[in-house]
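Here is model06.txt, consisting of compact mmCIF, C-alpha atoms:
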# COMPACT_ATOMS: atom_id res chain seq x y z
CA MET C 1 0.00 0.00 0.00
CA LEU C 2 1.35 3.40 -0.93
CA ILE C 3 1.02 6.40 1.34
CA ASN C 4 0.77 10.00 0.17
CA VAL C 5 3.44 12.19 1.72
CA ASN C 6 4.05 15.89 1.45
CA MET C 7 6.77 18.00 2.96
CA THR C 8 8.90 21.03 2.16
CA ILE C 9 12.37 20.35 0.82
CA ASN C 10 14.71 23.33 0.41
CA GLY C 11 11.79 25.73 0.51
CA LYS C 12 9.76 23.91 -2.15
CA ALA C 13 6.57 21.97 -1.38
CA VAL C 14 6.95 18.40 -2.62
CA SER C 15 4.73 15.35 -2.50
CA GLY C 16 4.90 11.73 -3.51
CA GLN C 17 3.75 8.21 -2.82
CA VAL C 18 5.89 5.93 -0.70
CA GLU C 19 5.76 2.64 1.13
CA ALA C 20 5.64 2.95 4.91
CA ARG C 21 9.17 1.53 5.05
CA THR C 22 10.62 4.09 2.63
CA LEU C 23 13.42 5.96 4.36
CA LEU C 24 13.58 9.74 4.25
CA VAL C 25 16.93 9.51 2.45
CA GLU C 26 15.35 7.25 -0.19
CA PHE C 27 12.57 9.76 -0.70
CA ILE C 28 15.11 12.58 -1.02
CA ARG C 29 17.46 10.73 -3.39
CA ASP C 30 15.29 8.32 -5.37
CA HIS C 31 11.96 10.15 -5.50
CA GLN C 32 13.09 13.77 -5.47
CA LYS C 33 16.37 13.08 -7.31
CA LEU C 34 18.32 15.21 -4.85
CA THR C 35 21.42 13.03 -4.80
CA GLY C 36 23.66 15.42 -2.87
CA THR C 37 22.64 13.64 0.34
CA HIS C 38 24.70 10.46 0.49
CA VAL C 39 24.20 7.04 2.04
CA GLY C 40 27.40 5.77 3.60
CA CYS C 41 26.73 3.12 6.21
CA ASP C 42 22.91 2.94 6.30
CA THR C 43 23.28 2.13 10.02
CA THR C 44 23.10 5.58 11.70
CA GLN C 45 26.82 5.73 12.26
CA CYS C 46 28.59 7.63 9.48
CA GLY C 47 26.48 10.78 9.13
CA CYS C 48 26.79 11.09 5.31
CA CYS C 49 22.98 11.28 5.08
CA THR C 50 22.64 14.17 7.56
CA VAL C 51 19.91 16.65 6.64
CA HIS C 52 18.00 19.20 8.70
CA VAL C 53 14.43 18.42 9.75
CA ASP C 54 12.68 21.50 11.15
CA GLY C 55 16.11 23.07 11.66
CA LYS C 56 17.79 20.16 13.43
CA ALA C 57 20.45 17.83 12.03
CA VAL C 58 19.19 14.25 11.75
CA LYS C 59 20.35 11.13 9.95
CA SER C 60 17.93 10.67 7.07
CA CYS C 61 18.75 6.95 6.79
CA THR C 62 17.17 6.46 10.21
CA MET C 63 13.93 8.29 9.68
CA LEU C 64 10.97 7.18 7.60
CA ALA C 65 9.63 9.42 4.85
CA VAL C 66 6.20 9.17 6.51
CA GLN C 67 7.72 10.61 9.70
CA ALA C 68 8.73 13.73 7.74
CA VAL C 69 5.21 14.59 6.58
CA GLY C 70 4.52 18.29 7.07
CA LYS C 71 8.11 19.03 8.04
CA GLU C 72 10.71 21.40 6.61
CA ILE C 73 13.68 19.52 5.18
CA LEU C 74 16.95 21.21 4.26
CA THR C 75 19.49 19.27 2.22
CA ILE C 76 22.93 20.23 0.95
CA GLU C 77 21.34 21.46 -2.31
CA GLY C 78 19.37 24.08 -0.39
CA LEU C 79 22.27 25.61 1.49
CA ALA C 80 23.83 27.98 -1.05
CA LYS C 81 21.93 31.08 -2.13
CA ALA C 82 20.03 31.04 -5.43
CA ASP C 83 22.81 33.10 -7.06
CA GLY C 84 25.35 30.43 -6.15
CA THR C 85 26.87 32.24 -3.15
CA LEU C 86 28.05 29.53 -0.80
CA HIS C 87 26.89 29.22 2.79
CA PRO C 88 29.65 30.31 5.24
CA VAL C 89 30.19 26.66 6.24
CA GLN C 90 30.58 25.60 2.61
CA GLU C 91 32.95 28.51 2.01
CA ALA C 92 34.98 27.53 5.08
CA PHE C 93 35.26 23.91 3.88
CA ARG C 94 36.71 25.27 0.63
CA GLU C 95 39.11 27.65 2.35
CA HIS C 96 40.38 25.06 4.84
CA HIS C 97 40.40 22.11 2.46
CA GLY C 98 37.82 20.33 4.60
CA LEU C 99 37.37 17.51 2.14
CA GLN C 100 39.21 15.08 -0.04
CA CYS C 101 37.06 12.47 -1.80
CA GLY C 102 33.91 14.38 -0.94
CA PHE C 103 31.70 11.46 0.02
CA CYS C 104 31.15 12.50 3.65
CA THR C 105 31.11 16.21 2.78
CA PRO C 106 27.35 16.81 2.42
CA GLY C 107 26.80 15.33 5.88
CA MET C 108 29.81 17.14 7.34
CA VAL C 109 28.58 20.49 6.01
CA MET C 110 25.00 19.93 7.22
CA VAL C 111 26.14 18.90 10.69
CA GLY C 112 28.64 21.79 10.59
CA VAL C 113 25.80 24.26 10.06
CA ASP C 114 23.93 22.67 12.98
CA ILE C 115 27.05 22.94 15.19
CA CYS C 116 27.58 26.60 14.26
CA ARG C 117 23.96 27.44 15.14
CA ARG C 118 24.12 25.71 18.53
CA HIS C 119 27.66 26.76 19.42
CA PRO C 120 28.55 30.30 18.33
CA ASN C 121 32.34 30.76 18.40
CA ALA C 122 32.81 27.02 18.94
CA ASP C 123 36.30 25.96 19.96
CA GLU C 124 38.18 23.00 18.51
CA HIS C 125 37.32 20.67 21.40
CA THR C 126 33.60 21.36 21.06
CA VAL C 127 33.67 20.80 17.31
CA ARG C 128 35.51 17.49 17.68
CA LEU C 129 32.95 16.29 20.24
CA GLU C 130 30.06 17.42 18.06
CA LEU C 131 31.46 15.53 15.04
CA GLU C 132 30.99 12.27 16.95
CA GLY C 133 28.35 11.06 14.51
CA ASN C 134 30.11 11.89 11.25
CA ILE C 135 32.90 9.78 9.83
CA CYS C 136 35.53 10.86 7.28
CA ARG C 137 38.06 8.32 6.00
CA CYS C 138 40.26 10.72 4.01
CA THR C 139 41.12 13.93 5.77
CA GLY C 140 41.95 12.95 9.33
CA TYR C 141 39.36 15.62 10.26
CA GLN C 142 41.93 18.42 10.59
CA GLY C 143 40.57 20.56 7.76
CA ILE C 144 36.97 19.77 8.67
CA VAL C 145 37.47 20.90 12.26
CA GLU C 146 39.31 24.06 11.18
CA ALA C 147 36.54 24.87 8.71
CA ILE C 148 33.73 24.53 11.28
CA VAL C 149 35.66 26.50 13.94
CA ASP C 150 36.23 29.28 11.41
CA ALA C 151 32.64 29.25 10.12
CA SER C 152 31.30 29.28 13.66
CA ALA C 153 33.29 32.44 14.44
CA LYS C 154 32.26 34.12 11.17
CA MET C 155 28.58 33.27 11.59
CA ALA C 156 28.63 34.53 15.19
CA GLY C 157 30.25 37.75 13.94
CA GLU C 158 27.60 38.24 11.29
CA GLN C 159 24.84 37.94 13.84
CA ALA C 160 26.47 40.37 16.29
CA MET E 1 13.32 -3.90 5.98
CA GLU E 2 9.96 -5.64 5.67
CA ASN E 3 7.04 -3.34 5.03
CA PHE E 4 4.46 -2.56 7.70
CA ALA E 5 1.37 -0.46 8.22
CA TYR E 6 2.12 2.95 9.75
CA HIS E 7 -0.15 4.61 12.29
CA THR E 8 -0.05 7.93 14.12
CA PRO E 9 -2.60 7.72 16.95
CA ALA E 10 -3.67 11.03 18.49
CA SER E 11 -3.69 9.78 22.08
CA VAL E 12 -1.97 7.29 24.36
CA ALA E 13 -5.32 5.54 24.82
CA ASP E 14 -5.68 5.02 21.06
CA ALA E 15 -2.12 3.74 20.82
CA ALA E 16 -2.79 1.27 23.64
CA LYS E 17 -6.01 0.04 22.00
CA PHE E 18 -4.08 -0.55 18.82
CA LEU E 19 -1.36 -2.48 20.64
CA GLU E 20 -4.01 -4.70 22.24
CA ALA E 21 -5.69 -5.38 18.91
CA HIS E 22 -2.53 -6.14 16.91
CA GLU E 23 -0.26 -8.74 18.40
CA ASP E 24 2.73 -7.94 16.18
CA ALA E 25 2.52 -4.17 16.37
CA LYS E 26 5.42 -2.11 17.73
CA LEU E 27 5.51 1.33 19.28
CA MET E 28 7.96 3.84 17.86
CA SER E 29 9.19 6.99 19.51
CA GLY E 30 12.46 8.34 18.08
CA GLY E 31 13.16 5.13 16.18
CA MET E 32 16.91 5.34 16.81
CA THR E 33 17.10 1.68 17.84
CA LEU E 34 13.92 0.35 16.25
CA LEU E 35 14.61 1.45 12.67
CA PRO E 36 18.14 -0.05 12.58
CA THR E 37 16.64 -3.22 14.11
CA LEU E 38 14.04 -3.40 11.34
CA LYS E 39 16.68 -2.77 8.69
CA GLN E 40 18.63 -5.76 9.94
CA ARG E 41 15.39 -7.76 9.92
CA LEU E 42 15.86 -8.61 13.56
CA ALA E 43 12.21 -7.63 13.93
CA ALA E 44 9.38 -7.48 11.41
CA PRO E 45 6.31 -5.93 13.05
CA THR E 46 3.09 -5.85 11.05
CA ASP E 47 2.32 -2.35 12.29
CA LEU E 48 4.36 0.59 13.54
CA ILE E 49 2.57 2.89 15.96
CA ASP E 50 4.37 6.24 15.92
CA LEU E 51 3.80 8.27 19.09
CA ALA E 52 4.99 11.52 17.46
CA LYS E 53 1.47 12.95 17.13
CA VAL E 54 0.42 12.25 20.73
CA PRO E 55 0.25 15.57 22.57
CA ASP E 56 1.22 16.10 26.21
CA ILE E 57 3.92 13.44 26.46
CA LYS E 58 6.76 15.72 25.45
CA GLY E 59 8.61 18.34 27.43
CA VAL E 60 9.85 19.05 30.93
CA CYS E 61 8.01 20.56 33.89
CA ARG E 62 8.47 20.84 37.62
CA ASP E 63 5.85 19.35 39.93
CA GLY E 64 6.76 20.16 43.54
CA ASP E 65 9.89 18.22 44.45
CA GLU E 66 9.91 16.32 41.19
CA LEU E 67 10.96 17.01 37.63
CA VAL E 68 8.59 15.41 35.13
CA ILE E 69 9.99 14.54 31.71
CA GLY E 70 7.56 13.45 28.98
CA ALA E 71 8.30 10.12 27.33
CA MET E 72 8.75 11.69 23.88
CA THR E 73 11.26 14.30 25.05
CA THR E 74 14.44 13.98 23.00
CA HIS E 75 17.89 13.57 24.50
CA ALA E 76 18.86 16.95 23.00
CA ASP E 77 15.89 18.62 24.69
CA VAL E 78 16.71 17.06 28.08
CA HIS E 79 20.36 18.05 27.64
CA GLU E 80 19.54 21.67 26.78
CA ASN E 81 16.52 22.19 29.04
CA ALA E 82 17.06 25.02 31.53
CA LEU E 83 15.07 23.31 34.33
CA VAL E 84 17.00 20.04 34.00
CA ARG E 85 20.30 21.92 33.93
CA GLU E 86 19.38 23.89 37.02
CA LEU E 87 17.77 21.15 39.11
CA ILE E 88 19.43 17.90 37.93
CA PRO E 89 22.60 18.86 36.04
CA GLY E 90 23.84 15.27 36.33
CA LEU E 91 20.89 14.16 34.20
CA ALA E 92 21.39 16.96 31.65
CA SER E 93 25.00 15.86 31.34
CA LEU E 94 23.98 12.21 30.90
CA ALA E 95 21.54 13.08 28.10
CA GLY E 96 24.27 15.00 26.29
CA GLN E 97 26.51 11.93 26.28
CA ILE E 98 24.06 9.64 24.46
CA GLY E 99 24.98 8.67 20.90
CA ASP E 100 25.79 11.69 18.73
CA PRO E 101 24.09 15.07 18.12
CA ALA E 102 21.88 13.83 15.26
CA VAL E 103 20.76 10.81 17.28
CA ARG E 104 20.04 13.07 20.27
CA HIS E 105 17.74 15.15 18.05
CA ARG E 106 15.50 12.10 17.48
CA GLY E 107 16.00 9.61 20.32
CA THR E 108 13.72 9.91 23.35
CA ILE E 109 13.86 9.09 27.05
CA GLY E 110 10.76 6.89 26.87
CA GLY E 111 12.05 4.95 23.89
CA SER E 112 15.48 4.44 25.39
CA CYS E 113 14.10 3.19 28.69
CA ALA E 114 11.46 0.92 27.10
CA ASN E 115 14.17 -0.61 24.93
CA ALA E 116 16.31 -1.28 28.04
CA ASP E 117 19.57 -1.75 26.20
CA PRO E 118 22.08 -3.01 28.78
CA ALA E 119 24.55 -0.32 27.65
CA ALA E 120 22.10 2.60 27.44
CA ASP E 121 22.70 5.64 29.64
CA TYR E 122 19.20 6.46 30.92
CA PRO E 123 18.82 3.26 32.97
CA ALA E 124 21.69 4.48 35.19
CA GLY E 125 20.13 7.94 35.51
CA THR E 126 16.61 6.74 36.27
CA VAL E 127 17.71 4.08 38.77
CA GLY E 128 20.38 6.38 40.24
CA LEU E 129 17.89 9.16 40.89
CA GLY E 130 15.16 6.84 42.16
CA ALA E 131 12.84 7.92 39.35
CA THR E 132 9.33 6.63 38.76
CA PHE E 133 8.00 5.58 35.37
CA VAL E 134 4.46 6.73 34.73
CA THR E 135 2.61 4.57 32.23
CA ASN E 136 -0.93 4.53 30.87
CA LYS E 137 -1.76 1.97 33.58
CA ARG E 138 0.30 2.61 36.71
CA LYS E 139 3.51 3.91 38.25
CA ILE E 140 6.65 1.75 38.29
CA ALA E 141 9.71 2.54 40.41
CA ALA E 142 12.90 2.55 38.32
CA ASP E 143 14.29 -0.04 40.76
CA ASP E 144 11.56 -2.44 39.58
CA PHE E 145 11.47 -1.34 35.93
CA PHE E 146 14.66 -2.80 34.45
CA VAL E 147 14.18 -6.54 34.76
CA GLY E 148 16.88 -7.96 32.53
CA LEU E 149 18.59 -7.83 29.14
CA PHE E 150 16.28 -5.69 26.93
CA GLU E 151 13.52 -6.59 29.38
CA THR E 152 11.37 -4.25 31.45
CA ALA E 153 8.39 -4.56 33.76
CA LEU E 154 6.15 -3.10 31.02
CA GLU E 155 3.18 -5.23 29.99
CA PRO E 156 2.56 -5.79 26.27
CA SER E 157 0.11 -2.91 25.85
CA GLU E 158 1.64 -0.63 28.47
CA ILE E 159 3.06 2.70 27.29
CA ILE E 160 5.44 5.00 29.14
CA VAL E 161 3.90 8.44 29.40
CA GLY E 162 6.65 10.14 31.36
CA VAL E 163 9.36 9.81 33.98
CA ARG E 164 9.23 11.56 37.37
CA PHE E 165 12.61 12.41 38.89
CA PRO E 166 12.81 13.44 42.55
CA ILE E 167 15.07 16.50 42.55
CA PRO E 168 18.32 15.35 44.19
CA VAL E 169 20.68 17.30 46.40
CA TRP E 170 23.51 16.48 44.02
CA SER E 171 24.18 14.01 41.21
CA HIS E 172 26.83 13.12 38.67
CA TYR E 173 27.27 10.64 35.80
CA GLN E 174 30.57 9.09 34.78
CA LYS E 175 30.83 7.01 31.64
CA LEU E 176 33.42 4.93 29.85
CA ARG E 177 32.16 5.46 26.35
CA HIS E 178 32.67 2.85 23.67
CA PRO E 179 34.65 4.82 21.08
CA ALA E 180 32.73 3.49 18.07
CA SER E 181 29.15 3.06 19.25
CA GLY E 182 29.00 5.73 21.95
CA TYR E 183 27.24 3.27 24.27
CA ALA E 184 28.44 2.87 27.86
CA VAL E 185 31.01 0.10 28.34
CA VAL E 186 30.32 1.07 31.94
CA GLY E 187 28.38 4.04 33.27
CA VAL E 188 27.97 4.98 36.93
CA PHE E 189 25.41 7.46 38.24
CA VAL E 190 25.83 8.69 41.82
CA ALA E 191 23.17 10.78 43.54
CA GLN E 192 22.72 12.30 46.97
CA THR E 193 18.96 12.26 47.36
CA LYS E 194 16.65 13.15 50.21
CA ALA E 195 16.17 9.38 50.67
CA GLY E 196 19.92 8.70 50.82
CA VAL E 197 22.87 8.05 48.53
CA ARG E 198 22.22 6.01 45.38
CA VAL E 199 24.82 4.41 43.11
CA ALA E 200 23.52 2.92 39.85
CA VAL E 201 25.47 1.15 37.13
CA THR E 202 24.72 0.60 33.45
CA GLY E 203 26.71 -1.18 30.74
CA ALA E 204 28.29 -3.63 33.15
CA GLY E 205 25.47 -6.13 33.71
CA PRO E 206 22.40 -7.42 31.85
CA SER E 207 20.48 -4.41 33.14
CA ALA E 208 21.04 -1.42 35.44
CA PHE E 209 21.74 -2.27 39.08
CA ARG E 210 22.60 -0.54 42.33
CA ILE E 211 25.61 -1.14 44.58
CA SER E 212 24.27 -1.12 48.12
CA ALA E 213 27.73 -1.55 49.68
CA MET E 214 28.86 1.71 48.06
CA GLU E 215 25.63 3.47 49.01
CA GLU E 216 26.10 2.51 52.67
CA ALA E 217 29.77 3.53 52.69
CA LEU E 218 29.01 6.87 51.04
CA ALA E 219 26.18 7.56 53.46
CA LYS E 220 28.76 7.51 56.27
CA ASP E 221 31.59 9.20 54.39
CA PHE E 222 30.91 10.80 51.02
CA SER E 223 34.42 10.48 49.63
CA ALA E 224 36.11 8.51 46.86
CA LYS E 225 38.31 6.89 49.49
CA ALA E 226 35.28 5.40 51.23
CA ILE E 227 34.51 3.19 48.22
CA GLU E 228 37.97 2.49 46.81
CA ASN E 229 38.00 -1.10 48.10
CA ILE E 230 34.42 -1.95 47.17
CA LYS E 231 34.33 -4.14 44.06
CA VAL E 232 31.31 -5.64 42.35
CA ASP E 233 31.39 -9.38 41.63
CA ALA E 234 32.66 -9.89 38.06
CA GLY E 235 30.76 -13.18 37.91
CA ASP E 236 27.51 -11.30 37.33
CA LEU E 237 28.86 -8.90 34.69
CA ASN E 238 28.92 -8.80 30.89
CA ASN E 239 31.90 -10.42 29.22
CA ASP E 240 32.13 -9.54 25.51
CA ILE E 241 34.45 -8.32 22.76
CA HIS E 242 34.32 -4.80 24.16
CA ALA E 243 35.50 -5.60 27.68
CA SER E 244 35.97 -8.56 29.98
CA ALA E 245 33.84 -8.95 33.09
CA ASP E 246 36.92 -8.44 35.30
CA TYR E 247 37.75 -5.19 33.51
CA ARG E 248 34.17 -3.96 33.85
CA ALA E 249 34.20 -4.77 37.58
CA HIS E 250 37.39 -2.72 37.92
CA VAL E 251 35.98 0.20 35.90
CA VAL E 252 32.77 0.30 37.98
CA THR E 253 34.81 1.23 41.07
CA VAL E 254 37.01 3.67 39.14
CA LEU E 255 34.01 5.52 37.70
CA ALA E 256 32.14 5.52 41.00
CA LYS E 257 35.19 7.12 42.66
CA ARG E 258 35.44 9.71 39.88
CA ALA E 259 31.75 10.51 40.19
CA VAL E 260 32.04 11.07 43.94
CA ALA E 261 35.27 13.06 43.49
CA ALA E 262 33.47 15.32 40.99
CA LYS E 263 31.62 16.88 43.91
CA GLY E 264 34.94 18.38 44.96
Encoding of this model in structure tokens:
Amino acid sequence: MLINVNMTINGKAVSGQVEARTLLVEFIRDHQKLTGTHVGCDTTQCGCCTVHVDGKAVKSCTMLAVQAVGKEILTIEGLAKADGTLHPVQEAFREHHGLQCGFCTPGMVMVGVDICRRHPNADEHTVRLELEGNICRCTGYQGIVEAIVDASAKMAGEQA
Amino acid sequence: MENFAYHTPASVADAAKFLEAHEDAKLMSGGMTLLPTLKQRLAAPTDLIDLAKVPDIKGVCRDGDELVIGAMTTHADVHENALVRELIPGLASLAGQIGDPAVRHRGTIGGSCANADPAADYPAGTVGLGATFVTNKRKIAADDFFVGLFETALEPSEIIVGVRFPIPVWSHYQKLRHPASGYAVVGVFVAQTKAGVRVAVTGAGPSAFRISAMEEALAKDFSAKAIENIKVDAGDLNNDIHASADYRAHVVTVLAKRAVAAKG
């Protein structure tokens, strides 16, 4: 039996028909063709599938599409401005070389935005703790941590 | 995972009726354990009953000498809640050590306790604070709630509505975190309550338990030194690839001492 679902993804109202067992990440990637959100482990550990649901970072491989009905979803595709201007966290990942192969990057950036919102002017220790649920196998995290620390300071400065 | 029918009842009573009518139905709160379990096909319920739309079982409020936390309150909300931080900072700290930030945004106190994972953090906090589980049928003391490995005193159609925590004089949680999973290899919660000192352990045994010998020693002398020679019997503890029973027994005392020492 298919279930009608509707939600907002990156500011746009979307709808579709899914099985009850369809994961949110499957709805995002396979139904909405937004393939920027990645599936790494499919077991809630690696964080590649991190998106924001009503403003909070969650792992979209461990949420059903039916659980997201009526909610606001933000994926990596919705982060930059319409004119292509990068989000401060994206810009910081570029500046600090916070990626290598790029597979974990969408999740790292989305969780990075969440960290910056919750921890203005976050220090290195805080960022490392907060990255608990996101795994990178290339960079050794150095650039990722530097990027989020820098973005956190810049975003706090913009708000001040 | 196998497919299932998905339901969002509008009340605890409706959810309970549904559980009674469907033998293979499962309740879902945050889904942080249930969904991975379904993916691995370790369970295949015919129906999932999502409690997300049930009002009034989410949030934190004070009721006299108790803090009442709704079953659907997320770990992140408990961790960040101003009342919890002010009145039971040990519990706020515990909630902030569960899993990772994204998991804490979804996982709930009711779900975690009903699941009764031997390495979950909340069992130590609820038993350590002498909390009471409020269900749709009755009240269950935390001491009687965790019965065994993934086993609680809950009846098949019983649903946790909230948890009542007596506000302690002081409390603290110490955890040896498994570096990959984030679960407690051992976790020790120590509380000075109006009813006396309580020491509760998670991760080490099949379910959370108290150490009465430490509680008695700390009641006389609340210092790390008072419990340094008190060891739990390794024969009753978990022995697995993460840690041997002997090691866990050792760590229980180490963490209990650190918790007590944290009072300064």
Check which residues of chain C sit at most 9 Å from chain E using all atoms listed in the file, and return one row each with the closest pair of atoms and their distance in Å to one decimal, ordered by chain and rising number, as JSON lines.
{"residue": "C:Met1", "atom": "CA", "partner": "E:Ala5", "partner_atom": "CA", "distance": 8.3}
{"residue": "C:Glu19", "atom": "CA", "partner": "E:Asn3", "partner_atom": "CA", "distance": 7.3}
{"residue": "C:Ala20", "atom": "CA", "partner": "E:Tyr6", "partner_atom": "CA", "distance": 6.0}
{"residue": "C:Arg21", "atom": "CA", "partner": "E:Asn3", "partner_atom": "CA", "distance": 5.3}
{"residue": "C:Thr22", "atom": "CA", "partner": "E:Asn3", "partner_atom": "CA", "distance": 8.6}
{"residue": "C:Asp42", "atom": "CA", "partner": "E:Pro36", "partner_atom": "CA", "distance": 8.4}
{"residue": "C:Thr43", "atom": "CA", "partner": "E:Pro36", "partner_atom": "CA", "distance": 6.1}
{"residue": "C:Thr44", "atom": "CA", "partner": "E:Pro36", "partner_atom": "CA", "distance": 7.6}
{"residue": "C:Gln45", "atom": "CA", "partner": "E:Ser181", "partner_atom": "CA", "distance": 7.8}
{"residue": "C:Gly47", "atom": "CA", "partner": "E:Ala102", "partner_atom": "CA", "distance": 8.2}
{"residue": "C:Thr50", "atom": "CA", "partner": "E:Ala102", "partner_atom": "CA", "distance": 7.7}
{"residue": "C:Lys56", "atom": "CA", "partner": "E:His105", "partner_atom": "CA", "distance": 6.8}
{"residue": "C:Ala57", "atom": "CA", "partner": "E:Ala102", "partner_atom": "CA", "distance": 5.3}
{"residue": "C:Val58", "atom": "CA", "partner": "E:Ala102", "partner_atom": "CA", "distance": 4.4}
{"residue": "C:Lys59", "atom": "CA", "partner": "E:Ala102", "partner_atom": "CA", "distance": 6.2}
{"residue": "C:Thr62", "atom": "CA", "partner": "E:Leu35", "partner_atom": "CA", "distance": 6.1}
{"residue": "C:Met63", "atom": "CA", "partner": "E:Gly31", "partner_atom": "CA", "distance": 7.3}
{"residue": "C:Leu64", "atom": "CA", "partner": "E:Leu35", "partner_atom": "CA", "distance": 8.5}
{"residue": "C:Val66", "atom": "CA", "partner": "E:Tyr6", "partner_atom": "CA", "distance": 8.1}
{"residue": "C:Gln67", "atom": "CA", "partner": "E:Ala52", "partner_atom": "CA", "distance": 8.3}
{"residue": "C:Val111", "atom": "CA", "partner": "E:Ala102", "partner_atom": "CA", "distance": 8.0}
{"residue": "C:Ile115", "atom": "CA", "partner": "E:Pro101", "partner_atom": "CA", "distance": 8.9}
{"residue": "C:Leu129", "atom": "CA", "partner": "E:Asp100", "partner_atom": "CA", "distance": 8.6}
{"residue": "C:Glu130", "atom": "CA", "partner": "E:Pro101", "partner_atom": "CA", "distance": 6.4}
{"residue": "C:Leu131", "atom": "CA", "partner": "E:Asp100", "partner_atom": "CA", "distance": 7.8}
{"residue": "C:Glu132", "atom": "CA", "partner": "E:Asp100", "partner_atom": "CA", "distance": 5.5}
{"residue": "C:Gly133", "atom": "CA", "partner": "E:Asp100", "partner_atom": "CA", "distance": 5.0}
{"residue": "C:Asn134", "atom": "CA", "partner": "E:Asp100", "partner_atom": "CA", "distance": 8.6}
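Taking atom CA of Thr126 of chain E and atom CA of Glu86 of chain E as endpoints, the distance between them is 17.4 Å.
Across the model, the gap from atom CA of Pro156 of chain E to atom CA of Glu20 of chain E is 7.8 Å.
For the pair atom CA of Val149 of chain C and atom CA of Val25 of chain C, the separation is 27.8 Å.
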Inset, instruction - Compute the distance from (3.0, 1.4, 32.4) to each atom, counting only C-alpha atoms, keep the residues with any atom at most 7 Å away, and return them as an NGL selection string; use the coordinates of the file. - result: :E and (134-140 or 154 or 158-160)
Legend entry - Within 10 Å of Lys154 of chain C using all atoms listed in the file, minus same-chain residues under 3 positions, as a list in words: Pro88, Val89, Ala92, Cys116, Pro120, Asn121, Ile148, Val149, Asp150, Ala151, Gly157, Glu158, Gln159 and Ala160 of chain C
Inset, instruction - Pick out the closest residue to Asp63 of chain E from this set: E:Phe145, E:Trp170, E:Phe165, E:Phe18. Count only C-alpha atoms. - result: E:Phe165
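Minimum distance to Asp236 of chain E across E:Ala76, E:Ala249, E:Ala92, E:Ala213 (counting all atoms listed in the file) occurs at E:Ala249.
With distances restricted to only C-alpha atoms, C:Ala65 is the closest residue to Val5 of chain C from C:Ala153, C:Ala65, C:Leu23, C:Leu99.
Closest approach to Gly98 of chain C from the set C:Gly70, C:Gly16, C:Gly140, C:Gly78 is made by C:Gly140, with distances taken over all atoms listed in the file.
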Inset, instruction - Would you list the residues near (22.0, 17.9, 2.2) (no more than 10 Å away, in the coordinates of the file, using all atoms listed in the file) as a ChimeraX atom specification? - result: /C:10,25,28,34-38,48-52,57,60,73-79,105-111
May I have the selected residues written with C-alpha atoms, as a compact mmCIF listing (two decimals), keeping the file's coordinate frame?
# COMPACT_ATOMS: atom_id res chain seq x y z
CA ASN C 10 14.71 23.33 0.41
CA VAL C 25 16.93 9.51 2.45
CA ILE C 28 15.11 12.58 -1.02
CA LEU C 34 18.32 15.21 -4.85
CA THR C 35 21.42 13.03 -4.80
CA GLY C 36 23.66 15.42 -2.87
CA THR C 37 22.64 13.64 0.34
CA HIS C 38 24.70 10.46 0.49
CA CYS C 48 26.79 11.09 5.31
CA CYS C 49 22.98 11.28 5.08
CA THR C 50 22.64 14.17 7.56
CA VAL C 51 19.91 16.65 6.64
CA HIS C 52 18.00 19.20 8.70
CA ALA C 57 20.45 17.83 12.03
CA SER C 60 17.93 10.67 7.07
CA ILE C 73 13.68 19.52 5.18
CA LEU C 74 16.95 21.21 4.26
CA THR C 75 19.49 19.27 2.22
CA ILE C 76 22.93 20.23 0.95
CA GLU C 77 21.34 21.46 -2.31
CA GLY C 78 19.37 24.08 -0.39
CA LEU C 79 22.27 25.61 1.49
CA THR C 105 31.11 16.21 2.78
CA PRO C 106 27.35 16.81 2.42
CA GLY C 107 26.80 15.33 5.88
CA MET C 108 29.81 17.14 7.34
CA VAL C 109 28.58 20.49 6.01
CA MET C 110 25.00 19.93 7.22
CA VAL C 111 26.14 18.90 10.69
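Closest approach to Glu72 of chain C among C:Tyr141, C:Val53, C:Gln90, C:Ile135 is made by C:Val53 (distances from all atoms listed in the file).
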